[in-house]
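K.L.:
See my_file-v1.txt below, with compact mmCIF, C-alpha atoms.
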```
# COMPACT_ATOMS: atom_id res chain seq x y z
CA MET M 71 133.49 105.68 116.40
CA THR M 72 135.99 103.99 114.17
CA GLN M 73 139.72 104.20 114.67
CA ASP M 74 140.04 106.20 111.48
CA MET M 75 137.58 108.80 112.68
CA ARG M 76 139.44 109.17 115.94
CA HIS M 77 142.70 109.64 114.08
CA ASP M 78 141.10 112.17 111.78
CA LEU M 79 139.77 114.04 114.77
CA ILE M 80 143.14 114.08 116.51
CA ALA M 81 144.79 115.32 113.33
CA LEU M 82 142.24 118.14 113.26
CA LEU M 83 142.79 119.23 116.86
CA PRO M 84 145.36 121.96 116.16
CA ARG M 85 143.01 123.60 113.67
CA LEU M 86 140.00 123.17 115.92
CA ARG M 87 141.93 124.82 118.70
CA ARG M 88 142.93 127.69 116.44
CA PHE M 89 139.35 128.24 115.39
CA ALA M 90 138.20 128.09 119.00
CA GLY M 91 140.92 130.59 119.88
CA GLY M 92 139.56 132.99 117.28
CA LEU M 93 136.11 132.75 118.81
CA ALA M 94 137.02 132.66 122.48
CA GLY M 95 140.16 134.78 122.69
CA ALA M 96 142.17 133.18 125.48
CA ALA M 97 144.08 129.95 124.95
CA ASP M 98 142.76 128.09 127.99
CA GLN M 99 139.22 129.00 126.97
CA ALA M 100 139.97 127.63 123.52
CA ASP M 101 141.02 124.30 125.01
CA ASP M 102 137.87 124.13 127.12
CA LEU M 103 135.77 124.96 124.11
CA VAL M 104 137.42 122.30 121.95
CA GLN M 105 137.15 119.69 124.67
CA ALA M 106 133.46 120.39 125.21
CA SER M 107 132.93 120.24 121.45
CA VAL M 108 134.84 116.98 121.07
CA GLU M 109 132.72 115.46 123.81
CA LYS M 110 129.58 116.65 122.07
CA ALA M 111 130.83 115.24 118.78
CA LEU M 112 131.55 111.86 120.31
CA ARG M 113 128.05 111.77 121.76
CA ASN M 114 126.49 112.68 118.44
CA LEU M 115 128.36 110.62 115.91
CA ASP M 116 125.15 110.01 114.00
CA GLY M 117 125.32 113.66 113.04
CA PHE M 118 128.44 113.05 111.00
CA THR M 119 127.99 111.81 107.46
CA THR M 120 130.85 109.62 106.35
CA GLY M 121 132.52 111.06 103.30
CA THR M 122 131.78 114.66 104.25
CA ARG M 123 134.30 117.05 105.69
CA MET M 124 134.95 116.41 109.34
CA ASP M 125 136.56 119.82 109.82
CA ALA M 126 133.40 121.61 108.72
CA TRP M 127 131.32 119.36 110.98
CA MET M 128 133.55 120.14 113.96
CA PHE M 129 133.67 123.88 113.23
CA ARG M 130 129.91 123.85 113.34
CA ILE M 131 129.86 122.06 116.68
CA ILE M 132 132.50 124.39 118.12
CA ARG M 133 130.62 127.45 116.96
CA ASN M 134 127.34 126.22 118.42
CA THR M 135 129.03 125.26 121.67
CA TRP M 136 130.57 128.69 121.87
CA ILE M 137 127.24 130.39 121.32
CA ASP M 138 125.72 128.29 124.08
CA THR M 139 128.57 129.29 126.36
CA VAL M 140 128.18 132.96 125.60
CA ARG M 141 124.44 132.74 126.04
CA ALA M 142 124.91 131.06 129.37
CA ARG M 143 127.32 133.72 130.57
CA ARG M 144 125.74 136.72 128.90
CA GLU M 145 129.03 138.56 129.10
CA THR M 146 130.41 138.36 125.61
CA VAL M 147 131.63 141.95 125.37
CA ASP M 148 133.46 142.03 128.68
CA TYR M 149 134.91 138.64 128.04
CA ASP M 150 136.31 139.55 124.65
CA THR M 151 137.95 142.70 125.91
CA GLU M 152 139.50 140.91 128.82
CA ALA M 153 140.79 138.11 126.64
CA ALA M 154 142.32 140.56 124.22
CA ASP M 155 144.07 142.47 126.97
CA THR M 156 145.51 139.26 128.27
CA ILE M 157 147.03 138.51 124.91
CA ILE M 158 148.56 141.95 124.63
CA GLY M 159 149.78 141.89 128.22
CA SER M 160 151.47 138.55 128.03
CA ASP M 161 152.92 138.97 124.56
CA GLY M 162 153.86 142.62 124.63
CA ARG M 163 156.52 142.43 127.28
CA THR M 164 158.47 139.50 126.06
CA THR M 165 158.13 139.12 122.35
CA THR M 166 159.21 140.79 119.19
CA GLU M 167 157.56 143.73 117.52
CA ALA M 168 156.11 141.46 114.91
CA ARG M 169 154.35 139.35 117.46
CA LEU M 170 153.12 142.43 119.22
CA HIS M 171 151.60 143.55 115.96
CA LEU M 172 149.91 140.24 115.55
CA ALA M 173 148.55 140.60 119.06
CA GLU M 174 147.06 143.88 117.86
CA VAL M 175 145.38 141.95 115.10
CA ARG M 176 143.92 139.53 117.63
CA ARG M 177 142.77 142.41 119.77
CA ALA M 178 141.08 144.08 116.83
CA MET M 179 139.50 140.74 116.01
CA ALA M 180 138.23 140.32 119.56
CA SER M 181 136.48 143.67 119.37
CA LEU M 182 134.33 142.51 116.47
CA PRO M 183 130.93 140.89 116.95
CA GLU M 184 130.96 137.12 117.32
CA ASP M 185 129.24 136.42 114.01
CA GLN M 186 131.90 138.42 112.17
CA ARG M 187 134.73 136.64 113.99
CA ALA M 188 133.31 133.29 112.97
CA VAL M 189 133.24 134.09 109.24
CA LEU M 190 136.69 135.69 109.39
CA MET M 191 138.20 132.63 111.04
CA LEU M 192 136.52 130.20 108.68
CA VAL M 193 137.33 132.05 105.46
CA CYS M 194 140.62 133.83 106.09
CA VAL M 195 142.31 131.47 108.53
CA GLU M 196 140.78 128.07 107.82
CA GLY M 197 140.47 128.68 104.10
CA LEU M 198 136.93 127.41 103.71
CA ARG M 199 134.99 128.39 100.60
CA TYR M 200 132.04 130.73 101.02
CA ARG M 201 129.56 127.95 100.31
CA GLU M 202 131.23 125.74 102.93
CA VAL M 203 131.00 128.52 105.49
CA ALA M 204 127.33 128.97 104.61
CA ALA M 205 126.77 125.30 105.41
CA VAL M 206 128.73 125.45 108.67
CA LEU M 207 126.88 128.51 109.92
CA ASP M 208 123.50 127.66 108.42
CA ILE M 209 123.17 130.97 106.65
CA PRO M 210 122.88 131.86 102.94
CA GLU M 211 126.08 132.39 100.99
CA GLY M 212 125.08 136.00 100.39
CA THR M 213 124.94 136.55 104.13
CA VAL M 214 128.39 135.01 104.50
CA MET M 215 129.71 137.54 101.99
CA SER M 216 128.03 140.60 103.43
CA ARG M 217 129.07 139.64 106.96
CA LEU M 218 132.60 138.90 105.82
CA SER M 219 132.88 142.11 103.87
CA ARG M 220 131.71 144.19 106.85
CA ALA M 221 134.12 142.34 109.12
CA ARG M 222 137.08 142.82 106.77
CA LEU M 223 136.46 146.54 106.40
CA ALA M 224 135.96 146.97 110.16
CA LEU M 225 139.17 145.08 110.84
CA ALA M 226 141.12 147.09 108.26
CA GLU M 227 139.73 150.29 109.78
CA LYS M 228 140.76 149.31 113.32
CA LEU M 229 144.24 148.42 112.13
CA LYS M 230 144.69 151.59 110.08
CA ASP M 231 145.59 153.54 113.20
CA LYS M 232 148.26 150.99 114.02
CA PRO M 233 151.72 151.05 112.55
CA LEU M 234 151.27 147.88 110.58
CA ARG M 235 150.10 146.73 107.25
CA ALA M 236 150.44 143.52 105.39
CA GLU M 237 154.16 143.09 105.99
CA LYS M 238 154.78 139.68 107.41
CA GLY M 239 156.48 139.63 110.78
CA MET K 36 135.50 144.74 79.83
CA THR K 37 134.67 145.36 83.46
CA GLN K 38 134.80 149.02 84.42
CA SER K 39 136.31 150.31 87.65
CA ASN K 40 133.05 151.83 88.80
CA GLU K 41 131.31 148.49 88.43
CA VAL K 42 133.59 146.72 90.84
CA SER K 43 131.92 146.06 94.18
CA ASP K 44 133.60 145.29 97.48
CA ASP K 45 132.16 141.81 97.26
CA MET K 46 133.95 141.23 93.96
CA LEU K 47 137.25 142.45 95.37
CA MET K 48 136.80 140.29 98.41
CA ALA K 49 135.90 137.24 96.35
CA LEU K 50 139.07 137.78 94.33
CA ALA K 51 141.19 138.07 97.46
CA ASP K 52 139.62 134.87 98.80
CA GLY K 53 140.16 132.89 95.61
CA GLU K 54 136.44 132.52 94.93
CA LEU K 55 136.53 133.76 91.33
CA ASN K 56 137.20 131.55 88.36
CA GLU K 57 140.45 132.10 86.54
CA ILE K 58 139.02 134.17 83.71
CA ASP K 59 137.11 136.53 85.97
CA ALA K 60 140.09 136.78 88.29
CA GLN K 61 142.47 137.78 85.50
CA ARG K 62 140.02 140.30 84.17
CA LEU K 63 139.53 141.88 87.58
CA HIS K 64 143.26 141.94 88.28
CA ARG K 65 143.73 144.02 85.12
CA VAL K 66 141.04 146.49 86.16
CA ILE K 67 142.55 146.82 89.63
CA ALA K 68 146.04 147.35 88.24
CA ALA K 69 144.76 150.37 86.30
CA ASP K 70 142.98 152.00 89.24
CA PRO K 71 144.87 152.99 92.42
CA GLY K 72 141.62 153.54 94.31
CA LEU K 73 140.49 150.00 93.56
CA ALA K 74 143.95 148.69 94.32
CA ALA K 75 143.79 150.22 97.80
CA ARG K 76 140.37 148.69 98.46
CA TYR K 77 141.57 145.35 97.17
CA ALA K 78 144.67 145.57 99.39
CA ASP K 79 142.46 145.82 102.47
CA PHE K 80 140.90 142.47 101.66
CA VAL K 81 144.21 140.83 100.89
CA SER K 82 145.96 142.24 103.95
CA THR K 83 143.22 141.35 106.41
CA ARG K 84 143.31 137.78 105.19
CA GLN K 85 147.11 137.63 105.47
CA LEU K 86 147.23 139.31 108.87
CA LEU K 87 144.67 136.92 110.29
CA GLN K 88 146.58 133.94 108.95
CA ASP K 89 149.73 135.25 110.63
CA ALA K 90 147.96 136.07 113.87
CA TYR K 91 146.29 132.68 114.25
CA LEU K 92 148.79 129.87 113.95
CA THR K 93 148.19 126.28 114.87
CA GLU K 94 149.95 124.77 117.83
CA PRO K 95 150.12 121.11 118.76
CA ALA K 96 146.99 120.04 120.60
CA SER K 97 147.33 119.64 124.32
CA ASP K 98 147.44 116.15 125.78
CA ARG K 99 144.09 116.58 127.41
CA LEU K 100 142.42 117.19 124.07
CA VAL K 101 144.03 114.11 122.57
CA THR K 102 142.91 112.18 125.63
CA ALA K 103 139.39 113.55 125.24
CA VAL K 104 139.26 112.14 121.74
CA MET K 105 140.83 108.82 122.61
CA GLN K 106 138.73 108.16 125.65
CA GLY K 107 135.46 109.71 124.67
CA THR K 108 133.51 111.62 127.18
CA ASN K 109 132.09 109.12 129.60
CA VAL K 110 134.27 106.10 129.17
CA VAL K 111 137.00 106.99 131.61
CA HIS K 112 137.07 110.05 133.80
CA LEU K 113 139.80 112.44 132.73
CA HIS K 114 140.19 113.81 136.18
CA ARG K 115 139.08 110.87 138.16
CA PRO K 116 136.88 111.78 141.08
CA MET K 117 137.34 110.31 144.51
CA ALA K 118 136.27 106.72 144.70
CA GLN K 119 132.59 106.23 145.19
CA LYS K 120 132.80 104.70 148.59
CA ALA K 121 129.78 102.55 148.14
CA GLY K 122 128.31 99.91 146.01
CA LEU K 123 129.16 96.71 144.33
CA ALA K 124 131.85 98.15 142.11
CA LEU K 125 134.15 99.12 144.91
CA ALA K 126 133.70 95.86 146.74
CA LEU K 127 134.51 93.97 143.59
CA ALA K 128 137.44 96.17 142.82
CA ALA K 129 138.86 95.74 146.28
CA SER K 130 138.79 92.00 145.87
CA LEU K 131 140.42 92.38 142.50
CA VAL K 132 143.23 94.40 143.97
CA LEU K 133 143.91 91.49 146.29
CA ALA K 134 144.14 89.34 143.22
CA LEU K 135 146.70 91.64 141.67
CA GLY K 136 148.93 89.44 139.60
CA GLY K 137 146.57 88.30 136.95
CA PHE K 138 142.83 88.16 137.00
CA TRP K 139 140.28 88.12 134.25
CA ALA K 140 137.09 89.72 135.38
CA GLY K 141 135.55 90.12 131.99
CA ARG K 142 133.45 87.67 130.13
CA SER K 143 135.76 86.39 127.47
CA THR K 144 133.47 86.73 124.49
CA GLY K 145 135.97 87.87 121.91
CA PRO K 146 139.13 86.22 120.71
CA GLN K 147 141.21 84.65 123.43
CA PRO K 148 143.21 87.34 125.18
CA VAL K 149 146.88 87.19 124.51
CA GLY K 150 149.24 86.80 127.40
CA GLN K 151 149.78 89.76 129.65
CA THR K 152 153.52 89.70 129.04
CA ASP K 153 152.98 90.06 125.31
CA LEU K 154 150.58 92.90 125.86
CA ALA K 155 153.03 94.71 128.14
CA GLN K 156 155.90 94.17 125.73
CA VAL K 157 153.97 95.30 122.71
CA THR K 158 152.81 98.48 124.40
CA ALA K 159 156.10 99.22 126.18
CA ASP K 160 157.11 101.88 123.68
CA LEU K 161 153.67 103.38 123.18
CA ILE K 162 152.47 106.49 124.91
CA THR K 163 148.87 107.48 125.51
CA GLY K 164 146.90 107.69 122.30
CA GLU K 165 149.23 105.44 120.34
CA GLU K 166 148.24 102.01 119.13
CA THR K 167 149.73 98.99 117.49
CA GLN K 168 148.74 95.61 116.16
CA MET K 169 149.18 92.48 118.20
CA PRO K 170 150.57 89.32 116.61
CA ASP K 171 147.03 87.94 116.56
CA GLY K 172 145.85 90.89 114.47
CA SER K 173 143.95 92.74 117.21
CA MET K 174 144.66 96.42 117.76
CA VAL K 175 145.81 97.62 121.16
CA ARG K 176 145.77 101.24 122.24
CA VAL K 177 147.12 102.94 125.31
CA LEU K 178 144.35 105.00 126.88
CA ALA K 179 146.20 106.39 129.88
CA SER K 180 149.08 105.82 132.29
CA TYR K 181 149.04 106.50 136.02
CA ASP K 182 151.52 106.66 138.84
CA THR K 183 150.19 104.50 141.63
CA ALA K 184 151.30 103.18 144.98
CA GLN K 185 151.95 99.88 143.19
CA GLY K 186 154.07 101.46 140.49
CA LEU K 187 153.24 102.51 136.98
CA CYS K 188 149.83 101.32 135.78
CA ARG K 189 148.48 101.59 132.26
CA LEU K 190 144.98 101.44 130.90
CA ILE K 191 145.00 99.56 127.61
CA ASP K 192 142.24 99.05 125.10
CA GLN K 193 142.23 95.84 123.11
CA GLY K 194 139.24 95.27 120.88
CA ASP K 195 136.31 94.76 123.21
CA GLN K 196 138.45 94.58 126.31
CA ARG K 197 140.06 97.04 128.64
CA HIS K 198 143.11 96.01 130.63
CA VAL K 199 144.86 97.62 133.54
CA LEU K 200 148.50 96.55 133.54
CA CYS K 201 150.70 97.42 136.48
CA ARG K 202 154.45 97.16 136.75
CA ASP K 203 155.67 95.54 139.90
CA LEU K 204 157.93 97.98 141.72
CA GLN K 205 160.52 95.41 142.76
CA ALA K 206 160.54 92.78 140.06
CA GLY K 207 159.81 95.20 137.24
CA ALA K 208 157.47 92.64 135.70
CA TRP K 209 154.13 93.66 134.26
CA VAL K 210 151.02 92.04 135.61
CA THR K 211 147.42 92.36 134.56
CA ALA K 212 145.52 93.88 137.44
CA LEU K 213 142.16 93.87 135.74
CA SER K 214 140.55 93.07 132.43
CA VAL K 215 136.98 93.91 131.64
CA THR K 216 134.88 93.28 128.59
CA ASP K 217 133.77 96.46 127.07
CA GLY K 218 130.91 95.41 124.83
CA HIS K 219 131.45 96.38 121.26
CA ALA K 220 134.66 98.08 120.21
CA ASP K 221 132.86 100.97 118.57
CA SER K 222 130.37 101.59 121.31
CA PHE K 223 130.71 104.05 124.11
CA LEU K 224 129.83 102.90 127.53
CA PRO K 225 127.88 105.07 129.89
CA ALA K 226 129.84 106.18 132.92
CA SER K 227 127.70 104.02 135.12
CA ASP K 228 128.83 100.89 133.36
CA LEU K 229 130.20 98.38 135.78
CA GLY K 230 133.43 97.85 133.88
CA VAL K 231 134.25 101.52 133.90
CA ARG K 232 133.45 101.80 137.57
CA LEU K 233 135.62 98.79 138.26
CA ILE K 234 138.55 100.40 136.48
CA ASP K 235 137.97 103.69 138.27
CA SER K 236 137.65 102.00 141.62
CA LEU K 237 140.76 99.95 141.03
CA LEU K 238 142.77 103.03 140.11
CA ASP K 239 141.51 104.80 143.20
CA GLU K 240 142.38 101.82 145.35
CA LEU K 241 145.87 101.81 143.89
CA GLY K 242 146.22 105.48 144.74
CA ALA K 243 146.51 106.53 141.13
CA GLY K 244 147.10 110.21 140.45
CA PRO K 245 145.85 112.03 137.38
CA ALA K 246 146.71 110.56 134.00
CA LEU K 247 150.36 111.23 133.16
CA ASP K 248 151.15 113.67 130.40
CA ALA K 249 153.34 112.52 127.53
CA ASP K 250 156.66 113.62 129.07
CA ALA K 251 155.96 112.10 132.45
CA GLU K 252 154.77 108.95 130.76
CA ARG K 253 157.92 108.55 128.67
CA SER K 254 160.05 109.15 131.70
CA ALA K 255 158.09 106.61 133.76
CA LEU K 256 158.33 104.00 131.00
CA SER K 257 162.07 104.40 130.65
CA ARG K 258 162.68 103.77 134.33
```
Output the file's structure as structure tokens, nothing else.
P.N.:
Amino acid sequence: MTQDMRHDLIALLPRLRRFAGGLAGAADQADDLVQASVEKALRNLDGFTTGTRMDAWMFRIIRNTWIDTVRARRETVDYDTEAADTIIGSDGRTTTEARLHLAEVRRAMASLPEDQRAVLMLVCVEGLRYREVAAVLDIPEGTVMSRLSRARLALAEKLKDKPLRAEKG
Amino acid sequence: MTQSNEVSDDMLMALADGELNEIDAQRLHRVIAADPGLAARYADFVSTRQLLQDAYLTEPASDRLVTAVMQGTNVVHLHRPMAQKAGLALALAASLVLALGGFWAGRSTGPQPVGQTDLAQVTADLITGEETQMPDGSMVRVLASYDTAQGLCRLIDQGDQRHVLCRDLQAGAWVTALSVTDGHADSFLPASDLGVRLIDSLLDELGAGPALDADAERSALSR
């Protein structure tokens, strides 16, 4: 691995961690997931094509690593709920209303199926284009859109009961 | 002109996500503005995007992730296990510890190594993950720092070589405890590689703790 690639990867770490957090829920799990993915990436440098987007390449590795983890544990539903409660529990007591609301968003997110969380994180948070997400997830662009649309409406529905809308905190 | 009843959720979503070209976007914005029902559906797509962006912020990466990138997976153990109390590596390392004060174990295949004092001086202000250029043009990078029974020790990467520099507790002078040739600069060594085991064994012999985090490292360097 060249120095430049290492630097690029380090510069990406905050975003990789954020993406991992969206998939995994809890912060320490996100770190573990990113570390495992970085190690995989370093072992498989041939898989990276110079000149292509490293973020997309890493998102793909993180997502696949996460799926492997979930498959190994076979406890995705319990895990998500637990992670979400942890966020609410730790944030709710000590932080502002706005942050509590955002914790509600994360909880609603955690209740969605994994494939919907992945497209939501990649499109809405990471700002990838639909075609880029299709490449990361190895699915057709039409599937990205239908999955994303279902996820958005489900998320909006879950948050409708909550006293929050698009106001920024 | 696009009609309200022709507007699908996918079109609204694509607009909210900036996927439409400018002409289509303007056209759709006009249709939405004239239809409160559409506007409400569109708002769901815009608000979910915004809420998610607010709910998932980036934070600085933890030191261990930076270390994972800098060191690779098998090059140096992040949480170094107990010394493998057997084998050639340990025996060699033990003899190297006795030679603490300057000892080149590596085959010197690359450019001549610069003096250990230069190396220590050049890296004195660098923390783990940072790198700089030596006067001879080679790049040096701090891979890790450890508290040891001998004082502060640092693992430094220089081209195809790895150095362990230790600061003498009394004199405060830096000495090279070990230098090993690392093969090619861009290659990753398997964990079983002798050089890596030597470094690990040496650190264990010196009673090194886990790699220092950035704060502890800065504090140790300033002492």
K.L.:
For Val104 (chain M), which residue among K:Ala206, K:Val101, K:Leu87, K:Ile58 is the nearest when counting only C-alpha atoms?
P.N.:
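Under the stated criterion, the closest residue is K:Val101.
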K.L.:
May I have the residues of chain K within 9 Å of chain M, counting all atoms listed in the file, written as a ChimeraX atom specification?
P.N.:
/K:44-45,48-49,52-54,78-97,99-101,103-105,107-109,220-223
K.L.:
In Å, with one decimal, what is the gap from CA of Leu115 (chain M) to CA of Leu93 (chain M)?
P.N.:
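Between CA of Leu115 (chain M) and CA of Leu93 (chain M) the gap is 23.6 Å.
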K.L.:
Could you jot down the CA of Val42 (chain K) to CA of Arg217 (chain M) separation for me, Å, one decimal place?
P.N.:
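CA of Val42 (chain K) sits 18.2 Å away from CA of Arg217 (chain M).
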K.L.:
Just give me the gap between CA of Leu178 (chain K) and CA of Ala159 (chain K) in Å, one decimal is fine.
P.N.:
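These two atoms are separated by 13.1 Å.
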K.L.:
So, with all atoms listed in the file as the atoms that count, which of M:Ala96, M:Ser107, M:Glu202, M:Arg177 lies closest to Val189 (chain M)?
P.N.:
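Of all the options, M:Glu202 lies closest to Val189 (chain M).
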K.L.:
Which residue, K:Leu233, K:Val199, K:Ala179, K:Ile162, has the smallest gap to Arg253 (chain K) when you use only C-alpha atoms?
P.N.:
K:Ile162
K.L.:
Taking 2 positions as the minimum chain separation for residues in the same chain, which residues sit within 6 Å of region 170-176 of chain K when counting all atoms listed in the file? Answer as a PyMOL selection string.
P.N.:
chain K and resi 165-168+191-193
K.L.:
Name the residues in contact with Ser254 (chain K) at a cut-off of 12 Å, using all atoms listed in the file, excluding same-chain residues fewer than 3 positions from it; report them as a ChimeraX atom specification.
P.N.:
/K:160,162,180,182,187,247-251,257-258
